[in-house]
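Raw start.pdb, PDB, C-alpha atoms:
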```pdb
ATOM      1  CA  MET A   1     -35.234 -10.116  34.117  1.00  0.00           C
ATOM      2  CA  LYS A   2     -36.929  -7.825  31.585  1.00  0.00           C
ATOM      3  CA  ARG A   3     -35.718  -7.958  27.995  1.00  0.00           C
ATOM      4  CA  PHE A   4     -36.079  -5.441  25.181  1.00  0.00           C
ATOM      5  CA  ALA A   5     -34.923  -5.481  21.549  1.00  0.00           C
ATOM      6  CA  PHE A   6     -33.945  -2.409  19.539  1.00  0.00           C
ATOM      7  CA  ILE A   7     -33.484  -3.137  15.836  1.00  0.00           C
ATOM      8  CA  ASP A   8     -31.605  -0.824  13.472  1.00  0.00           C
ATOM      9  CA  VAL A   9     -33.356  -2.307  10.424  1.00  0.00           C
ATOM     10  CA  GLN A  10     -31.174  -0.838   7.638  1.00  0.00           C
ATOM     11  CA  ASN A  11     -27.897  -1.793   9.295  1.00  0.00           C
ATOM     12  CA  THR A  12     -29.085  -5.277  10.215  1.00  0.00           C
ATOM     13  CA  ALA A  13     -30.637  -6.003   6.794  1.00  0.00           C
ATOM     14  CA  SER A  14     -27.479  -4.846   5.041  1.00  0.00           C
ATOM     15  CA  THR A  15     -25.318  -7.059   7.275  1.00  0.00           C
ATOM     16  CA  THR A  16     -27.276 -10.248   6.591  1.00  0.00           C
ATOM     17  CA  ARG A  17     -27.866  -9.568   2.887  1.00  0.00           C
ATOM     18  CA  LYS A  18     -24.409  -8.329   1.853  1.00  0.00           C
ATOM     19  CA  LEU A  19     -22.146 -10.333   4.155  1.00  0.00           C
ATOM     20  CA  LEU A  20     -24.077 -13.417   5.191  1.00  0.00           C
ATOM     21  CA  GLY A  21     -26.217 -14.091   2.112  1.00  0.00           C
ATOM     22  CA  PHE A  22     -29.692 -14.200   3.600  1.00  0.00           C
ATOM     23  CA  ILE A  23     -32.704 -11.908   3.971  1.00  0.00           C
ATOM     24  CA  ILE A  24     -34.359 -11.505   7.358  1.00  0.00           C
ATOM     25  CA  ASP A  25     -38.024 -12.277   7.827  1.00  0.00           C
ATOM     26  CA  TRP A  26     -38.890  -9.537  10.330  1.00  0.00           C
ATOM     27  CA  HIS A  27     -42.006 -11.435  11.511  1.00  0.00           C
ATOM     28  CA  LYS A  28     -39.892 -14.505  12.314  1.00  0.00           C
ATOM     29  CA  LEU A  29     -37.333 -12.341  14.106  1.00  0.00           C
ATOM     30  CA  CYS A  30     -40.053 -10.710  16.191  1.00  0.00           C
ATOM     31  CA  GLU A  31     -41.539 -14.091  17.153  1.00  0.00           C
ATOM     32  CA  TYR A  32     -38.082 -15.506  17.936  1.00  0.00           C
ATOM     33  CA  LEU A  33     -37.305 -12.577  20.249  1.00  0.00           C
ATOM     34  CA  LYS A  34     -40.644 -12.915  22.013  1.00  0.00           C
ATOM     35  CA  ASP A  35     -40.851 -16.730  22.230  1.00  0.00           C
ATOM     36  CA  LYS A  36     -37.215 -17.752  22.732  1.00  0.00           C
ATOM     37  CA  TRP A  37     -35.851 -14.675  24.536  1.00  0.00           C
ATOM     38  CA  HIS A  38     -39.080 -13.448  26.193  1.00  0.00           C
ATOM     39  CA  CYS A  39     -38.607  -9.842  25.053  1.00  0.00           C
ATOM     40  CA  GLU A  40     -41.353  -7.626  26.479  1.00  0.00           C
ATOM     41  CA  LYS A  41     -40.942  -5.022  23.756  1.00  0.00           C
ATOM     42  CA  VAL A  42     -39.473  -5.271  20.256  1.00  0.00           C
ATOM     43  CA  PHE A  43     -38.684  -1.937  18.615  1.00  0.00           C
ATOM     44  CA  PHE A  44     -38.079  -1.630  14.859  1.00  0.00           C
ATOM     45  CA  TYR A  45     -36.424   1.521  13.470  1.00  0.00           C
ATOM     46  CA  SER A  46     -36.652   1.667   9.708  1.00  0.00           C
ATOM     47  CA  GLY A  47     -36.619   3.895   6.697  1.00  0.00           C
ATOM     48  CA  ILE A  48     -39.228   3.318   4.019  1.00  0.00           C
ATOM     49  CA  ASN A  49     -38.780   4.533   0.457  1.00  0.00           C
ATOM     50  CA  GLU A  50     -41.543   6.753  -0.829  1.00  0.00           C
ATOM     51  CA  GLY A  51     -44.068   4.582  -2.665  1.00  0.00           C
ATOM     52  CA  ASP A  52     -42.749   1.302  -1.156  1.00  0.00           C
ATOM     53  CA  THR A  53     -46.155  -0.066  -0.165  1.00  0.00           C
ATOM     54  CA  GLU A  54     -44.849  -3.622   0.366  1.00  0.00           C
ATOM     55  CA  THR A  55     -42.440  -2.573   3.138  1.00  0.00           C
ATOM     56  CA  ALA A  56     -45.022  -0.202   4.605  1.00  0.00           C
ATOM     57  CA  LYS A  57     -47.525  -3.105   4.812  1.00  0.00           C
ATOM     58  CA  GLU A  58     -44.914  -5.392   6.363  1.00  0.00           C
ATOM     59  CA  PHE A  59     -44.143  -2.942   9.163  1.00  0.00           C
ATOM     60  CA  ASP A  60     -47.811  -2.102   9.616  1.00  0.00           C
ATOM     61  CA  PHE A  61     -48.425  -5.825  10.186  1.00  0.00           C
ATOM     62  CA  LEU A  62     -45.608  -5.899  12.768  1.00  0.00           C
ATOM     63  CA  SER A  63     -47.100  -2.944  14.638  1.00  0.00           C
ATOM     64  CA  ARG A  64     -50.511  -4.657  14.685  1.00  0.00           C
ATOM     65  CA  ASN A  65     -48.849  -7.765  16.139  1.00  0.00           C
ATOM     66  CA  GLY A  66     -47.302  -6.214  19.215  1.00  0.00           C
ATOM     67  CA  CYS A  67     -44.100  -4.637  17.871  1.00  0.00           C
ATOM     68  CA  ILE A  68     -43.239  -0.963  18.127  1.00  0.00           C
ATOM     69  CA  VAL A  69     -42.378   0.386  14.668  1.00  0.00           C
ATOM     70  CA  LYS A  70     -40.766   3.771  14.127  1.00  0.00           C
ATOM     71  CA  ALA A  71     -40.450   4.468  10.406  1.00  0.00           C
ATOM     72  CA  LYS A  72     -39.214   7.484   8.469  1.00  0.00           C
ATOM     73  CA  THR A  73     -38.798   8.354   4.802  1.00  0.00           C
ATOM     74  CA  VAL A  74     -35.453   7.267   3.359  1.00  0.00           C
ATOM     75  CA  PHE A  75     -33.045   9.647   1.651  1.00  0.00           C
ATOM     76  CA  ALA A  76     -29.952   8.679  -0.357  1.00  0.00           C
ATOM     77  CA  TYR A  77     -26.504  10.251  -0.321  1.00  0.00           C
ATOM     78  CA  LYS A  78     -23.368   9.576  -2.376  1.00  0.00           C
ATOM     79  CA  ARG A  79     -20.523   7.839  -0.606  1.00  0.00           C
ATOM     80  CA  PRO A  80     -17.065   9.297  -1.413  1.00  0.00           C
ATOM     81  CA  ASP A  81     -15.275   7.388  -4.164  1.00  0.00           C
ATOM     82  CA  LYS A  82     -12.022   5.620  -3.258  1.00  0.00           C
ATOM     83  CA  THR A  83      -8.772   6.053  -5.136  1.00  0.00           C
ATOM     84  CA  ILE A  84      -6.659   2.899  -5.266  1.00  0.00           C
ATOM     85  CA  SER A  85      -3.050   3.004  -6.357  1.00  0.00           C
ATOM     86  CA  ILE A  86      -1.294  -0.235  -7.343  1.00  0.00           C
ATOM     87  CA  LYS A  87       2.343  -0.386  -8.431  1.00  0.00           C
ATOM     88  CA  CYS A  88       3.280  -2.864 -11.151  1.00  0.00           C
ATOM     89  CA  VAL A  89       6.020  -5.174  -9.816  1.00  0.00           C
ATOM     90  CA  GLU A  90       7.516  -5.656 -13.278  1.00  0.00           C
ATOM     91  CA  CYS A  91       7.654  -2.117 -14.704  1.00  0.00           C
ATOM     92  CA  GLY A  92       7.238  -0.042 -11.542  1.00  0.00           C
ATOM     93  CA  LYS A  93       4.444   1.991 -13.149  1.00  0.00           C
ATOM     94  CA  GLU A  94       1.759   3.335 -10.799  1.00  0.00           C
ATOM     95  CA  ASN A  95      -1.786   2.339 -11.805  1.00  0.00           C
ATOM     96  CA  VAL A  96      -4.513   4.476 -10.303  1.00  0.00           C
ATOM     97  CA  GLU A  97      -8.146   3.410 -10.269  1.00  0.00           C
ATOM     98  CA  ILE A  98     -11.160   5.236  -8.880  1.00  0.00           C
ATOM     99  CA  VAL A  99     -13.736   2.943  -7.294  1.00  0.00           C
ATOM    100  CA  ASP A 100     -17.333   4.143  -7.227  1.00  0.00           C
ATOM    101  CA  MET A 101     -18.510   3.486  -3.663  1.00  0.00           C
ATOM    102  CA  GLY A 102     -22.170   3.964  -4.607  1.00  0.00           C
ATOM    103  CA  TYR A 103     -24.922   5.410  -2.466  1.00  0.00           C
ATOM    104  CA  ASN A 104     -25.976   4.943   1.133  1.00  0.00           C
ATOM    105  CA  ARG A 105     -29.582   5.117   2.237  1.00  0.00           C
ATOM    106  CA  LYS A 106     -30.378   6.792   5.532  1.00  0.00           C
ATOM    107  CA  SER A 107     -33.536   7.372   7.492  1.00  0.00           C
ATOM    108  CA  ASN A 108     -32.149   9.069  10.619  1.00  0.00           C
ATOM    109  CA  CYS A 109     -33.781   6.796  13.190  1.00  0.00           C
ATOM    110  CA  ASP A 110     -30.707   6.769  15.468  1.00  0.00           C
ATOM    111  CA  VAL A 111     -32.067   9.444  17.807  1.00  0.00           C
ATOM    112  CA  ASP A 112     -35.380   7.566  18.207  1.00  0.00           C
ATOM    113  CA  LEU A 113     -33.550   4.344  19.107  1.00  0.00           C
ATOM    114  CA  THR A 114     -31.279   6.196  21.548  1.00  0.00           C
ATOM    115  CA  VAL A 115     -34.125   7.956  23.374  1.00  0.00           C
ATOM    116  CA  ASP A 116     -36.215   4.767  23.644  1.00  0.00           C
ATOM    117  CA  ALA A 117     -33.250   2.749  24.944  1.00  0.00           C
ATOM    118  CA  MET A 118     -32.362   5.371  27.563  1.00  0.00           C
ATOM    119  CA  GLU A 119     -35.982   5.490  28.751  1.00  0.00           C
ATOM    120  CA  GLU A 120     -36.111   1.692  29.183  1.00  0.00           C
ATOM    121  CA  ALA A 121     -32.610   1.223  30.699  1.00  0.00           C
ATOM    122  CA  GLY A 122     -32.188   0.234  34.340  1.00  0.00           C
ATOM    123  CA  PRO A 123     -31.275  -2.584  36.743  1.00  0.00           C
ATOM    124  CA  GLY A 124     -32.671  -6.032  36.032  1.00  0.00           C
ATOM    125  CA  LYS A 125     -32.922  -5.406  32.287  1.00  0.00           C
ATOM    126  CA  GLU A 126     -31.248  -6.855  29.205  1.00  0.00           C
ATOM    127  CA  PHE A 127     -31.108  -5.186  25.801  1.00  0.00           C
ATOM    128  CA  PHE A 128     -30.630  -6.771  22.390  1.00  0.00           C
ATOM    129  CA  ILE A 129     -29.319  -3.944  20.195  1.00  0.00           C
ATOM    130  CA  PHE A 130     -29.252  -4.947  16.532  1.00  0.00           C
ATOM    131  CA  THR A 131     -26.557  -2.851  14.863  1.00  0.00           C
ATOM    132  CA  GLY A 132     -22.891  -2.775  13.916  1.00  0.00           C
ATOM    133  CA  ASP A 133     -22.867   1.032  13.814  1.00  0.00           C
ATOM    134  CA  GLY A 134     -20.184   2.615  16.015  1.00  0.00           C
ATOM    135  CA  ASP A 135     -22.394   5.683  16.490  1.00  0.00           C
ATOM    136  CA  PHE A 136     -24.218   3.675  19.177  1.00  0.00           C
ATOM    137  CA  GLU A 137     -21.077   3.185  21.301  1.00  0.00           C
ATOM    138  CA  TYR A 138     -21.916   6.090  23.620  1.00  0.00           C
ATOM    139  CA  LEU A 139     -25.516   4.922  24.058  1.00  0.00           C
ATOM    140  CA  ILE A 140     -24.374   1.422  24.980  1.00  0.00           C
ATOM    141  CA  ARG A 141     -21.899   2.791  27.531  1.00  0.00           C
ATOM    142  CA  LYS A 142     -24.654   4.899  29.117  1.00  0.00           C
ATOM    143  CA  VAL A 143     -27.201   2.052  29.398  1.00  0.00           C
ATOM    144  CA  VAL A 144     -24.518  -0.174  30.952  1.00  0.00           C
ATOM    145  CA  GLU A 145     -23.905   2.604  33.525  1.00  0.00           C
ATOM    146  CA  LYS A 146     -27.619   2.201  34.359  1.00  0.00           C
ATOM    147  CA  SER A 147     -26.932  -1.494  35.171  1.00  0.00           C
ATOM    148  CA  THR A 148     -28.428  -2.814  31.914  1.00  0.00           C
ATOM    149  CA  LYS A 149     -26.787  -5.842  30.288  1.00  0.00           C
ATOM    150  CA  VAL A 150     -26.357  -5.458  26.524  1.00  0.00           C
ATOM    151  CA  TYR A 151     -26.166  -7.954  23.681  1.00  0.00           C
ATOM    152  CA  ILE A 152     -24.995  -6.399  20.422  1.00  0.00           C
ATOM    153  CA  VAL A 153     -26.531  -8.464  17.613  1.00  0.00           C
ATOM    154  CA  SER A 154     -24.485  -8.123  14.423  1.00  0.00           C
ATOM    155  CA  SER A 155     -21.706  -9.960  12.605  1.00  0.00           C
ATOM    156  CA  ASN A 156     -17.952  -9.855  12.829  1.00  0.00           C
ATOM    157  CA  ALA A 157     -17.713 -11.086   9.233  1.00  0.00           C
ATOM    158  CA  GLY A 158     -16.062  -8.958   6.582  1.00  0.00           C
ATOM    159  CA  LEU A 159     -16.015  -8.574   2.825  1.00  0.00           C
ATOM    160  CA  ARG A 160     -12.700  -8.048   1.032  1.00  0.00           C
ATOM    161  CA  LYS A 161     -12.143  -6.564  -2.397  1.00  0.00           C
ATOM    162  CA  PRO A 162      -8.830  -5.264  -3.793  1.00  0.00           C
ATOM    163  CA  GLY A 163      -7.987  -2.166  -1.749  1.00  0.00           C
ATOM    164  CA  ILE A 164     -11.273  -2.261   0.200  1.00  0.00           C
ATOM    165  CA  SER A 165     -12.218  -4.083   3.372  1.00  0.00           C
ATOM    166  CA  THR A 166     -15.822  -3.871   4.540  1.00  0.00           C
ATOM    167  CA  LYS A 167     -16.901  -4.817   8.055  1.00  0.00           C
ATOM    168  CA  ARG A 168     -20.385  -4.371   9.472  1.00  0.00           C
ATOM    169  CA  LEU A 169     -19.295  -4.440  13.120  1.00  0.00           C
ATOM    170  CA  SER A 170     -17.405  -1.227  13.844  1.00  0.00           C
ATOM    171  CA  THR A 171     -14.065  -1.263  15.644  1.00  0.00           C
ATOM    172  CA  LYS A 172     -15.644   0.921  18.361  1.00  0.00           C
ATOM    173  CA  LEU A 173     -18.252  -1.731  19.157  1.00  0.00           C
ATOM    174  CA  LYS A 174     -15.757  -4.582  18.944  1.00  0.00           C
ATOM    175  CA  ASP A 175     -13.477  -2.796  21.436  1.00  0.00           C
ATOM    176  CA  LEU A 176     -16.471  -2.074  23.669  1.00  0.00           C
ATOM    177  CA  VAL A 177     -17.347  -5.786  23.815  1.00  0.00           C
ATOM    178  CA  ASN A 178     -13.714  -6.727  24.571  1.00  0.00           C
ATOM    179  CA  GLU A 179     -13.498  -4.143  27.388  1.00  0.00           C
ATOM    180  CA  ASN A 180     -16.808  -5.114  29.017  1.00  0.00           C
ATOM    181  CA  ARG A 181     -17.137  -8.895  28.844  1.00  0.00           C
ATOM    182  CA  GLY A 182     -20.172 -10.026  30.821  1.00  0.00           C
ATOM    183  CA  LYS A 183     -21.823  -6.609  30.666  1.00  0.00           C
ATOM    184  CA  ILE A 184     -21.703  -6.285  26.866  1.00  0.00           C
ATOM    185  CA  ASN A 185     -21.628  -9.359  24.636  1.00  0.00           C
ATOM    186  CA  LEU A 186     -21.735 -10.006  20.905  1.00  0.00           C
ATOM    187  CA  ILE A 187     -24.298 -12.344  19.375  1.00  0.00           C
ATOM    188  CA  ASN A 188     -23.367 -13.250  15.825  1.00  0.00           C
ATOM    189  CA  ILE A 189     -26.612 -12.902  13.900  1.00  0.00           C
ATOM    190  CA  ASP A 190     -25.521 -15.660  11.515  1.00  0.00           C
ATOM    191  CA  SER A 191     -26.023 -18.126  14.406  1.00  0.00           C
ATOM    192  CA  TRP A 192     -29.755 -17.246  14.254  1.00  0.00           C
ATOM    193  CA  LYS A 193     -29.986 -17.653  10.464  1.00  0.00           C
ATOM    194  CA  MET A 194     -32.180 -20.781  10.391  1.00  0.00           C
ATOM    195  CA  LYS A 195     -34.653 -19.205  12.823  1.00  0.00           C
ATOM    196  CA  ILE A 196     -35.035 -15.787  11.177  1.00  0.00           C
ATOM    197  CA  LYS A 197     -34.316 -16.050   7.441  1.00  0.00           C
ATOM    198  CA  LYS A 198     -36.995 -15.376   4.871  1.00  0.00           C
ATOM    199  CA  ASP A 199     -38.129 -18.371   2.835  1.00  0.00           C
ATOM    200  CA  LEU A 200     -37.621 -17.523  -0.838  1.00  0.00           C
TER     201      LEU A 200
END
```

The structure in this file should be written as structure tokens.
Amino acid sequence: MKRFAFIDVQNTASTTRKLLGFIIDWHKLCEYLKDKWHCEKVFFYSGINEGDTETAKEFDFLSRNGCIVKAKTVFAYKRPDKTISIKCVECGKENVEIVDMGYNRKSNCDVDLTVDAMEEAGPGKEFFIFTGDGDFEYLIRKVVEKSTKVYIVSSNAGLRKPGISTKRLSTKLKDLVNENRGKINLINIDSWKMKIKKDL
């Protein structure tokens, strides 16, 4: 059995930091995938902010230690604000609040991950795809059609605020796992926390 890991760095880092309360040590993750899971290739897809020499050095180190790093410059875009309407139970007055949803950072590495995964897919192979992004649903379906077993590595945890529910694992991927048990499975990344978290 040949194993490969494809890591959507931004999505995975955001999942562990925002929902699970820990920061990933990418070196530890790489070693864990190679030593414990015997992954032949570990691909990292990441955006790097202009002038972020620390992250650039970190991924340069990974590439010099047997990982395949595909990095692009990050750009930011404004997420649409949400309007929340709450009715007062006592007076019946409608209270409207606009919630600033902030900015998302993107690096457009999805195509790179998709092409690499399709090139490696085939019988006798297992993929660890680190993402909760529903945009990868079609890719996962296609690699399964090529007789590749897939583990989606993410978290089913959620974050609730008044009027807002945030989940890192998309409904598309959750449904995909439920429809294809045995061919597609979910690994909750929080179960790997003690092996891959950064020591602060």

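Using all atoms listed in the file, the shortest contact distance between A:Lys72 and any of A:Phe22, A:Val9, A:Ile84, A:Lys41 is found at A:Val9.
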
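Across the structure, atom CA of A:Thr16 and atom CA of A:Asp190 are spaced 7.5 Å apart.
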
Could you tell me, as a PDB file with C-alpha atoms, in the frame of the given file, exactly which residues end up selected when the PyMOL selection byres ((chain A and resi 178-186) around 8) is applied to this structure?
```pdb
ATOM      1  CA  VAL A 144     -24.518  -0.174  30.952  1.00  0.00           C
ATOM      2  CA  THR A 148     -28.428  -2.814  31.914  1.00  0.00           C
ATOM      3  CA  LYS A 149     -26.787  -5.842  30.288  1.00  0.00           C
ATOM      4  CA  VAL A 150     -26.357  -5.458  26.524  1.00  0.00           C
ATOM      5  CA  TYR A 151     -26.166  -7.954  23.681  1.00  0.00           C
ATOM      6  CA  ILE A 152     -24.995  -6.399  20.422  1.00  0.00           C
ATOM      7  CA  VAL A 153     -26.531  -8.464  17.613  1.00  0.00           C
ATOM      8  CA  SER A 154     -24.485  -8.123  14.423  1.00  0.00           C
ATOM      9  CA  LYS A 174     -15.757  -4.582  18.944  1.00  0.00           C
ATOM     10  CA  ASP A 175     -13.477  -2.796  21.436  1.00  0.00           C
ATOM     11  CA  LEU A 176     -16.471  -2.074  23.669  1.00  0.00           C
ATOM     12  CA  VAL A 177     -17.347  -5.786  23.815  1.00  0.00           C
ATOM     13  CA  ILE A 187     -24.298 -12.344  19.375  1.00  0.00           C
ATOM     14  CA  ASN A 188     -23.367 -13.250  15.825  1.00  0.00           C
TER      15      ASN A 188
END
```

Residues matched by the PyMOL selection byres ((chain A and resi 34) around 12), written as a list in words | Lys2, Arg3, Phe4, Ala5, His27, Lys28, Leu29, Cys30, Glu31, Tyr32, Leu33, Asp35, Lys36, Trp37, His38, Cys39, Glu40, Lys41, Val42, Phe43, Asn65, Gly66, Cys67 and Phe128 of chain A

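Here, the PyMOL selection byres ((chain A and resi 200) around 12) matches Phe22, Ile23, Ile24, Asp25, Lys197, Lys198 and Asp199 of chain A.
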
Mind giving me the straight-line distance from atom CA of A:Asp8 to atom CA of A:Asp135 in Å, one decimal?
-> 11.7 Å

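Interatomic distance, atom CA of A:Leu169 to atom CA of A:Glu137: 11.3 Å.
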
Quick one: everything within 12 Å of A:Thr55, counting only C-alpha atoms, minus sequence neighbours fewer than 4 positions away in the same chain. Send it as a ChimeraX atom specification.
-> /A:9,25-26,46-51,59-62,69,71-73

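Minimum distance to A:Ile98 across A:Leu19, A:Ile68, A:Val115, A:Ile86 (counting only C-alpha atoms) occurs at A:Ile86.
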
Stretch 134-151 of chain A, all listed atoms, 3 Å padding on each side: what axis-aligned box centre and edge lengths in Å to one decimal come out, as lines of an AutoDock Vina configuration file?
```
center_x = -24.3
center_y = -0.9
center_z = 25.6
size_x = 14.2
size_y = 20.0
size_z = 25.2
```

8 Å contact set for A:Gly134, all atoms listed in the file, chain neighbours under 6 positions out, as a PyMOL selection string = chain A and resi 169-173

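Distances here use all atoms listed in the file; by that measure, the residue among A:Thr131, A:Ser85, A:Ser147, A:Ser191 closest to A:Thr12 is A:Thr131.
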
Is there a way to complete stretch 118-130 of chain A with N, CA and C atoms and then write that out as a PDB file, in the coordinates of the input?
```pdb
ATOM      1  N   MET A 118     -32.658   4.686  26.302  1.00  0.00           N
ATOM      2  CA  MET A 118     -32.362   5.371  27.563  1.00  0.00           C
ATOM      3  C   MET A 118     -33.572   5.379  28.497  1.00  0.00           C
ATOM      4  N   GLU A 119     -34.767   5.504  27.923  1.00  0.00           N
ATOM      5  CA  GLU A 119     -35.982   5.490  28.751  1.00  0.00           C
ATOM      6  C   GLU A 119     -36.228   4.119  29.376  1.00  0.00           C
ATOM      7  N   GLU A 120     -35.859   3.056  28.680  1.00  0.00           N
ATOM      8  CA  GLU A 120     -36.111   1.692  29.183  1.00  0.00           C
ATOM      9  C   GLU A 120     -34.982   1.162  30.056  1.00  0.00           C
ATOM     10  N   ALA A 121     -33.788   1.756  30.004  1.00  0.00           N
ATOM     11  CA  ALA A 121     -32.610   1.223  30.699  1.00  0.00           C
ATOM     12  C   ALA A 121     -32.776   1.262  32.220  1.00  0.00           C
ATOM     13  N   GLY A 122     -32.166   0.276  32.876  1.00  0.00           N
ATOM     14  CA  GLY A 122     -32.188   0.234  34.340  1.00  0.00           C
ATOM     15  C   GLY A 122     -31.781  -1.136  34.851  1.00  0.00           C
ATOM     16  N   PRO A 123     -31.659  -1.290  36.158  1.00  0.00           N
ATOM     17  CA  PRO A 123     -31.275  -2.584  36.743  1.00  0.00           C
ATOM     18  C   PRO A 123     -32.291  -3.676  36.408  1.00  0.00           C
ATOM     19  N   GLY A 124     -31.794  -4.895  36.295  1.00  0.00           N
ATOM     20  CA  GLY A 124     -32.671  -6.032  36.032  1.00  0.00           C
ATOM     21  C   GLY A 124     -33.184  -6.088  34.609  1.00  0.00           C
ATOM     22  N   LYS A 125     -32.485  -5.427  33.687  1.00  0.00           N
ATOM     23  CA  LYS A 125     -32.922  -5.406  32.287  1.00  0.00           C
ATOM     24  C   LYS A 125     -31.796  -5.833  31.361  1.00  0.00           C
ATOM     25  N   GLU A 126     -32.190  -6.470  30.257  1.00  0.00           N
ATOM     26  CA  GLU A 126     -31.248  -6.855  29.205  1.00  0.00           C
ATOM     27  C   GLU A 126     -31.738  -6.294  27.884  1.00  0.00           C
ATOM     28  N   PHE A 127     -30.795  -5.737  27.115  1.00  0.00           N
ATOM     29  CA  PHE A 127     -31.108  -5.186  25.801  1.00  0.00           C
ATOM     30  C   PHE A 127     -30.446  -6.015  24.710  1.00  0.00           C
ATOM     31  N   PHE A 128     -31.190  -6.255  23.630  1.00  0.00           N
ATOM     32  CA  PHE A 128     -30.630  -6.771  22.390  1.00  0.00           C
ATOM     33  C   PHE A 128     -30.615  -5.589  21.429  1.00  0.00           C
ATOM     34  N   ILE A 129     -29.438  -5.089  21.102  1.00  0.00           N
ATOM     35  CA  ILE A 129     -29.319  -3.944  20.195  1.00  0.00           C
ATOM     36  C   ILE A 129     -28.762  -4.455  18.872  1.00  0.00           C
ATOM     37  N   PHE A 130     -29.609  -4.424  17.845  1.00  0.00           N
ATOM     38  CA  PHE A 130     -29.252  -4.947  16.532  1.00  0.00           C
ATOM     39  C   PHE A 130     -28.604  -3.844  15.706  1.00  0.00           C
TER      40      PHE A 130
END
```
